[in-house]
Amino acid sequence: MARPEQVLLLEPQHELRFRGPFTDVVTTTLKLANPTDRNVCFKVKTTAPRRYCVRPNSGVIDAGTSINVSVMLQPFDYDPNEKSKHKFMVQSLLAPADMTDTEGVWKDAKPEDLMDSKLRCVFEMPAENEKTHEMESNKISASLSKSESSTLSMKSMASSMDDGEVKKLMEECKRLQTEVQRLREENKQIRQEDDGLRMRKSTVMSAPHSSPAMRVKEEGLSSRVIALIVLFFVVGVIIGKLAL
């Protein structure tokens with residue numbers, strides 16, 4: 001007696017395609033739809049159970065609903081000269097209205113109640129030029145992403161320098177200009193005092209050496225002149241940076 005026609009709708013209908021490389025688990029999806037008004041029990045079987053992991057491999061599909069079955073091919077050494085002989089079978093059975101035990105229904109089912117559909121497995125390995133193109137595309141995308149992020153960070157740094165560093169340099173320049181002006185006034189005063197000391201020194205011919213007070217003032221003059229030179233140098237460096 002011929003078996004009844006499969007009531008479930010399979011997608012894909014005839015082939016399960018697995019795309020390499022097969023160095024890792026490759027997963028494909030099998031969709032089972034139940035267009036009837038009754039619940040349907042199903043089982044998914046394969047001729048190579050050690051090579052595949054199927055989740056779920058059995059269950060009940062409610063009326064008018066569908067379910068996705070994940071078929072996971074385990075890693076293996078692919079040989080392009082070897083044709084795949086692996087096959088899958090989807091077996092189904094109309095569930096009784098008073099069903100309480102799914103396994104019991106399968107055990108008590110008659111052969112003429114069972115429906116099945118068969119699918120063959122197809123392995124596909126990407127061509128070498130396709131793999132090369134994918135690798136180059138990935139490299140270009142990564143380079144563009146890195147370049148864009150670098151450009152954004154440089155713009156951000158430049159913006160922060162324009163707003164913050166230049167303002168600080170301007171404030172420092174103004175402060176140094178004020179300090180230089182003050183030192184000029186002090187230097188002018190020291191020169192006037194020094195001129196007065198020299199005039200008094202010329203009148204006192206009997207004193208071979210200058211007094212301690214005069215030596216202290218001369219040392220103060222030398223220190224202030226050196227500080228003035230250093231400050232002029234610092235101001236010149238800062239103004240040069242601002243010009244750049």
# chains A, B, ... in the order shown; residues from 1 in each chain; ligands from 1

$ residues_around --residues "region 98-108 of chain A" --least-positions-apart "2" --cutoff "10 Å" --atoms "only C-alpha atoms" --output "PyMOL selection string"
chain A and resi 39+41-43+58-60+92-96+110-111+113-114

$ write_last_selection --atoms "all heavy atoms" --output "mmCIF file, in the first residue's frame"
data_model
loop_
_atom_site.group_PDB
_atom_site.id
_atom_site.type_symbol
_atom_site.label_atom_id
_atom_site.label_comp_id
_atom_site.auth_asym_id
_atom_site.auth_seq_id
_atom_site.Cartn_x
_atom_site.Cartn_y
_atom_site.Cartn_z
ATOM 1 N N ASN A 39 -2.635 18.831 14.569
ATOM 2 C CA ASN A 39 -1.232 18.804 14.981
ATOM 3 C C ASN A 39 -0.523 17.651 14.283
ATOM 4 O O ASN A 39 -1.114 16.601 14.030
ATOM 5 C CB ASN A 39 -1.125 18.650 16.491
ATOM 6 C CG ASN A 39 -1.682 19.854 17.236
ATOM 7 O OD1 ASN A 39 -1.937 20.896 16.633
ATOM 8 N ND2 ASN A 39 -1.891 19.705 18.541
ATOM 9 N N CYS A 41 3.077 15.271 14.296
ATOM 10 C CA CYS A 41 4.331 14.845 14.906
ATOM 11 C C CYS A 41 5.379 14.699 13.799
ATOM 12 O O CYS A 41 5.072 14.291 12.683
ATOM 13 C CB CYS A 41 4.148 13.506 15.617
ATOM 14 S SG CYS A 41 2.889 13.494 16.905
ATOM 15 N N PHE A 42 6.642 15.018 14.136
ATOM 16 C CA PHE A 42 7.699 14.896 13.119
ATOM 17 C C PHE A 42 8.984 14.363 13.743
ATOM 18 O O PHE A 42 9.222 14.499 14.941
ATOM 19 C CB PHE A 42 7.968 16.246 12.451
ATOM 20 C CG PHE A 42 8.784 17.191 13.309
ATOM 21 C CD1 PHE A 42 10.164 17.249 13.186
ATOM 22 C CD2 PHE A 42 8.161 18.004 14.246
ATOM 23 C CE1 PHE A 42 10.905 18.112 13.966
ATOM 24 C CE2 PHE A 42 8.903 18.874 15.029
ATOM 25 C CZ PHE A 42 10.281 18.927 14.901
ATOM 26 N N LYS A 43 9.799 13.772 12.881
ATOM 27 C CA LYS A 43 11.145 13.327 13.238
ATOM 28 C C LYS A 43 12.065 13.633 12.068
ATOM 29 O O LYS A 43 11.661 13.521 10.910
ATOM 30 C CB LYS A 43 11.167 11.829 13.539
ATOM 31 C CG LYS A 43 10.624 11.443 14.894
ATOM 32 C CD LYS A 43 10.835 9.952 15.152
ATOM 33 C CE LYS A 43 10.336 9.550 16.536
ATOM 34 N NZ LYS A 43 10.577 8.105 16.809
ATOM 35 N N SER A 58 12.956 16.170 16.734
ATOM 36 C CA SER A 58 11.599 15.612 16.785
ATOM 37 C C SER A 58 10.722 16.563 17.579
ATOM 38 O O SER A 58 11.212 17.465 18.266
ATOM 39 C CB SER A 58 11.592 14.219 17.431
ATOM 40 O OG SER A 58 12.019 14.302 18.782
ATOM 41 N N GLY A 59 9.408 16.356 17.456
ATOM 42 C CA GLY A 59 8.492 17.215 18.195
ATOM 43 C C GLY A 59 7.109 17.218 17.576
ATOM 44 O O GLY A 59 6.761 16.332 16.778
ATOM 45 N N VAL A 60 6.325 18.221 17.929
ATOM 46 C CA VAL A 60 4.957 18.364 17.431
ATOM 47 C C VAL A 60 4.793 19.776 16.886
ATOM 48 O O VAL A 60 5.151 20.757 17.548
ATOM 49 C CB VAL A 60 3.933 18.107 18.546
ATOM 50 C CG1 VAL A 60 2.517 18.287 18.008
ATOM 51 C CG2 VAL A 60 4.111 16.705 19.144
ATOM 52 N N SER A 92 6.722 12.225 9.248
ATOM 53 C CA SER A 92 5.633 12.906 9.959
ATOM 54 C C SER A 92 4.446 11.961 10.174
ATOM 55 O O SER A 92 4.322 10.922 9.513
ATOM 56 C CB SER A 92 5.186 14.148 9.184
ATOM 57 O OG SER A 92 4.699 13.795 7.910
ATOM 58 N N LEU A 93 3.602 12.398 11.094
ATOM 59 C CA LEU A 93 2.456 11.570 11.491
ATOM 60 C C LEU A 93 1.390 12.496 12.069
ATOM 61 O O LEU A 93 1.691 13.356 12.905
ATOM 62 C CB LEU A 93 2.907 10.538 12.535
ATOM 63 C CG LEU A 93 1.835 9.695 13.217
ATOM 64 C CD1 LEU A 93 1.190 8.729 12.208
ATOM 65 C CD2 LEU A 93 2.457 8.895 14.365
ATOM 66 N N LEU A 94 0.151 12.328 11.620
ATOM 67 C CA LEU A 94 -0.939 13.124 12.185
ATOM 68 C C LEU A 94 -1.171 12.717 13.633
ATOM 69 O O LEU A 94 -1.334 11.534 13.947
ATOM 70 C CB LEU A 94 -2.214 12.930 11.365
ATOM 71 C CG LEU A 94 -2.192 13.514 9.941
ATOM 72 C CD1 LEU A 94 -3.460 13.110 9.195
ATOM 73 C CD2 LEU A 94 -2.069 15.027 9.984
ATOM 74 N N ALA A 95 -1.166 13.692 14.515
ATOM 75 C CA ALA A 95 -1.293 13.403 15.940
ATOM 76 C C ALA A 95 -2.748 13.153 16.309
ATOM 77 O O ALA A 95 -3.647 13.895 15.880
ATOM 78 C CB ALA A 95 -0.740 14.568 16.752
ATOM 79 N N PRO A 96 -3.018 12.114 17.110
ATOM 80 C CA PRO A 96 -4.396 11.874 17.574
ATOM 81 C C PRO A 96 -4.874 13.026 18.463
ATOM 82 O O PRO A 96 -4.084 13.706 19.114
ATOM 83 C CB PRO A 96 -4.266 10.580 18.383
ATOM 84 C CG PRO A 96 -2.985 9.953 17.932
ATOM 85 C CD PRO A 96 -2.080 11.080 17.566
ATOM 86 N N LYS A 110 0.972 2.806 12.408
ATOM 87 C CA LYS A 110 1.021 1.811 11.340
ATOM 88 C C LYS A 110 1.835 2.375 10.175
ATOM 89 O O LYS A 110 1.889 3.596 9.966
ATOM 90 C CB LYS A 110 -0.393 1.482 10.879
ATOM 91 C CG LYS A 110 -1.251 0.868 11.974
ATOM 92 C CD LYS A 110 -2.668 0.622 11.467
ATOM 93 C CE LYS A 110 -3.545 0.035 12.571
ATOM 94 N NZ LYS A 110 -4.942 -0.202 12.110
ATOM 95 N N PRO A 111 2.473 1.549 9.374
ATOM 96 C CA PRO A 111 3.285 2.034 8.244
ATOM 97 C C PRO A 111 2.514 2.922 7.279
ATOM 98 O O PRO A 111 3.050 3.895 6.750
ATOM 99 C CB PRO A 111 3.745 0.739 7.568
ATOM 100 C CG PRO A 111 3.727 -0.282 8.657
ATOM 101 C CD PRO A 111 2.579 0.090 9.547
ATOM 102 N N ASP A 113 0.354 5.012 7.993
ATOM 103 C CA ASP A 113 0.073 6.317 8.594
ATOM 104 C C ASP A 113 1.272 7.266 8.502
ATOM 105 O O ASP A 113 1.124 8.476 8.736
ATOM 106 C CB ASP A 113 -0.315 6.156 10.066
ATOM 107 C CG ASP A 113 -1.625 5.386 10.241
ATOM 108 O OD1 ASP A 113 -2.450 5.449 9.305
ATOM 109 O OD2 ASP A 113 -1.810 4.749 11.302
ATOM 110 N N LEU A 114 2.432 6.694 8.199
ATOM 111 C CA LEU A 114 3.660 7.497 8.192
ATOM 112 C C LEU A 114 3.839 8.217 6.855
ATOM 113 O O LEU A 114 3.577 7.668 5.791
ATOM 114 C CB LEU A 114 4.873 6.610 8.464
ATOM 115 C CG LEU A 114 4.866 5.866 9.811
ATOM 116 C CD1 LEU A 114 6.086 4.968 9.920
ATOM 117 C CD2 LEU A 114 4.836 6.870 10.965
#

$ residues_around --residues "Asn34 (chain A)" --least-positions-apart "5" --cutoff "9 Å" --atoms "only C-alpha atoms" --output "ChimeraX atom specification"
/A:7-9,39-40,61-67

$ write_last_selection --atoms "N, CA and C atoms" --output "mmCIF file, in the first residue's frame"
data_model
loop_
_atom_site.group_PDB
_atom_site.id
_atom_site.type_symbol
_atom_site.label_atom_id
_atom_site.label_comp_id
_atom_site.auth_asym_id
_atom_site.auth_seq_id
_atom_site.Cartn_x
_atom_site.Cartn_y
_atom_site.Cartn_z
ATOM 1 N N VAL A 7 2.243 15.870 4.440
ATOM 2 C CA VAL A 7 1.393 17.036 4.699
ATOM 3 C C VAL A 7 2.216 18.275 5.073
ATOM 4 N N LEU A 8 3.431 18.050 5.551
ATOM 5 C CA LEU A 8 4.287 19.179 5.922
ATOM 6 C C LEU A 8 4.886 19.832 4.673
ATOM 7 N N LEU A 9 5.081 21.123 4.744
ATOM 8 C CA LEU A 9 5.744 21.863 3.669
ATOM 9 C C LEU A 9 7.189 22.109 4.088
ATOM 10 N N ASN A 39 -2.635 18.831 14.569
ATOM 11 C CA ASN A 39 -1.232 18.804 14.981
ATOM 12 C C ASN A 39 -0.523 17.651 14.283
ATOM 13 N N VAL A 40 0.759 17.867 13.994
ATOM 14 C CA VAL A 40 1.536 16.848 13.275
ATOM 15 C C VAL A 40 2.803 16.547 14.055
ATOM 16 N N ILE A 61 4.266 19.877 15.666
ATOM 17 C CA ILE A 61 4.000 21.169 15.048
ATOM 18 C C ILE A 61 2.499 21.419 15.119
ATOM 19 N N ASP A 62 2.105 22.456 15.808
ATOM 20 C CA ASP A 62 0.680 22.767 15.949
ATOM 21 C C ASP A 62 0.063 23.141 14.598
ATOM 22 N N ALA A 63 -1.226 22.993 14.513
ATOM 23 C CA ALA A 63 -1.944 23.299 13.276
ATOM 24 C C ALA A 63 -1.722 24.755 12.869
ATOM 25 N N GLY A 64 -1.398 24.954 11.595
ATOM 26 C CA GLY A 64 -1.225 26.295 11.060
ATOM 27 C C GLY A 64 0.042 27.008 11.479
ATOM 28 N N THR A 65 1.009 26.287 12.055
ATOM 29 C CA THR A 65 2.256 26.916 12.489
ATOM 30 C C THR A 65 3.437 26.254 11.777
ATOM 31 N N SER A 66 4.629 26.750 12.085
ATOM 32 C CA SER A 66 5.848 26.200 11.483
ATOM 33 C C SER A 66 6.953 26.171 12.520
ATOM 34 N N ILE A 67 8.040 25.498 12.165
ATOM 35 C CA ILE A 67 9.179 25.375 13.067
ATOM 36 C C ILE A 67 10.453 25.352 12.238
#

$ closest_residue --among "A:Ala97, A:Leu32, A:Met89, A:Val44" --to "Asn68 (chain A)" --atoms "only C-alpha atoms"
A:Leu32

$ atom_distance --atom1 "CA of Thr23 (chain A)" --atom2 "CA of Val122 (chain A)"
16.3 Å

$ atom_distance --atom1 "CA of Thr29 (chain A)" --atom2 "CA of Lys85 (chain A)"
19.2 Å
